[in-house]
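*Asks:* Sharing work-v6.cif below, mmCIF, C-alpha atoms:
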data_structure
loop_
_atom_site.group_PDB
_atom_site.id
_atom_site.type_symbol
_atom_site.label_atom_id
_atom_site.label_comp_id
_atom_site.auth_asym_id
_atom_site.auth_seq_id
_atom_site.Cartn_x
_atom_site.Cartn_y
_atom_site.Cartn_z
ATOM 1 C CA MET A 285 0.000 0.000 0.000
ATOM 2 C CA PRO A 286 1.555 3.357 -1.009
ATOM 3 C CA VAL A 287 2.474 5.878 1.656
ATOM 4 C CA GLN A 288 2.166 9.640 1.185
ATOM 5 C CA LYS A 289 5.715 11.060 0.901
ATOM 6 C CA PHE A 290 5.014 14.740 0.208
ATOM 7 C CA ASN A 291 2.390 17.199 1.421
ATOM 8 C CA ASP A 292 0.131 19.187 -0.894
ATOM 9 C CA ARG A 293 1.467 22.518 -2.276
ATOM 10 C CA VAL A 294 5.088 21.276 -2.245
ATOM 11 C CA ARG A 295 7.384 22.047 -5.209
ATOM 12 C CA VAL A 296 8.881 18.903 -6.750
ATOM 13 C CA LYS A 297 10.962 17.828 -9.724
ATOM 14 C CA VAL A 298 9.627 14.916 -11.761
ATOM 15 C CA LYS A 299 11.742 12.309 -13.549
ATOM 16 C CA ASN A 300 12.124 12.999 -17.301
ATOM 17 C CA SER A 301 11.050 16.646 -16.838
ATOM 18 C CA SER A 302 13.349 19.593 -16.219
ATOM 19 C CA ASP A 303 10.547 21.899 -15.006
ATOM 20 C CA THR A 304 9.354 22.432 -11.450
ATOM 21 C CA TRP A 305 5.890 21.130 -10.563
ATOM 22 C CA MET A 306 3.624 21.860 -7.599
ATOM 23 C CA ILE A 307 1.592 19.061 -6.024
ATOM 24 C CA LEU A 308 -2.065 20.085 -6.007
ATOM 25 C CA GLU A 309 -3.547 16.972 -4.404
ATOM 26 C CA HIS A 310 -3.054 13.259 -3.799
ATOM 27 C CA GLU A 311 -5.337 10.834 -5.597
ATOM 28 C CA ASN A 312 -7.203 8.607 -3.148
ATOM 29 C CA ILE A 313 -10.044 6.132 -3.094
ATOM 30 C CA LYS A 314 -12.628 6.187 -0.314
ATOM 31 C CA LYS A 315 -13.886 2.768 0.759
ATOM 32 C CA GLY A 316 -16.354 3.015 3.597
ATOM 33 C CA ALA A 317 -14.633 4.691 6.546
ATOM 34 C CA THR A 318 -11.103 4.186 5.177
ATOM 35 C CA VAL A 319 -9.146 6.134 2.565
ATOM 36 C CA LYS A 320 -6.635 4.367 0.305
ATOM 37 C CA PHE A 321 -3.833 6.362 -1.326
ATOM 38 C CA THR A 322 -3.130 5.316 -4.922
ATOM 39 C CA GLY A 323 0.402 6.753 -5.051
ATOM 40 C CA LYS A 324 -0.478 9.254 -7.786
ATOM 41 C CA VAL A 325 -0.333 13.019 -7.388
ATOM 42 C CA LYS A 326 -1.978 15.779 -9.420
ATOM 43 C CA CYS A 327 0.701 18.346 -10.300
ATOM 44 C CA ARG A 328 0.742 21.737 -12.011
ATOM 45 C CA ASN A 329 3.705 22.986 -14.045
ATOM 46 C CA GLU A 330 4.817 26.358 -12.675
ATOM 47 C CA LYS A 331 5.925 27.692 -16.070
ATOM 48 C CA THR A 332 3.135 26.567 -18.383
ATOM 49 C CA GLY A 333 0.252 25.909 -15.964
ATOM 50 C CA GLU A 334 -0.208 22.411 -17.438
ATOM 51 C CA ILE A 335 -1.803 19.875 -15.071
ATOM 52 C CA LYS A 336 -0.803 16.176 -15.087
ATOM 53 C CA PHE A 337 -0.888 13.102 -12.875
ATOM 54 C CA PHE A 338 2.445 11.567 -11.853
ATOM 55 C CA SER A 339 3.558 8.697 -9.655
ATOM 56 C CA GLU A 340 4.765 10.002 -6.314
ATOM 57 C CA ASN A 341 7.766 7.662 -6.546
ATOM 58 C CA GLY A 342 9.004 9.649 -9.554
ATOM 59 C CA CYS A 343 9.051 12.931 -7.586
ATOM 60 C CA GLU A 344 11.824 14.535 -5.555
ATOM 61 C CA LEU A 345 11.956 17.824 -3.673
ATOM 62 C CA ALA A 346 12.918 20.815 -5.810
#
Could you show the structure in this file as structure tokens?
*Replies:*
Amino acid sequence: MPVQKFNDRVRVKVKNSSDTWMILEHENIKKGATVKFTGKVKCRNEKTGEIKFFSENGCELA
């Protein structure tokens, strides 16, 4: 089960991308009373404003 490594609104660098991205939110699945993290994060490029989903394992602090 994936563990959340970074908080929301943190600037990160993503593998295979030279730009800086900001984590907007973590993707999760709600099942009853529990919440399961999928390990994917929704990020926004600071230069272009483009929004993409990335694996949190491919991110490192900027």
*Asks:* So what does the PyMOL selection byres ((chain A and resi 290-304) around 7) actually pick up in this one, as a list in words?
*Replies:*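 Output from the PyMOL selection byres ((chain A and resi 290-304) around 7), applied to this file: Gln288, Lys289, Trp305, Met306, Ile307, Leu308, Glu309, Asn329, Glu330, Gly342, Cys343, Glu344, Leu345 and Ala346 of chain A.
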*Asks:* Between CA of Asn312 in chain A and CA of Gly333 in chain A, measure the distance and give it in Å to one decimal.
*Replies:*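 Distance between the two atoms: 22.8 Å.
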*Asks:* Run the PyMOL selection byres ((chain A and resi 317-321) around 12) against the file shown and list the residues it catches, as a PyMOL selection string.
*Replies:* chain A and resi 285-289+309-316+322-325+339-340
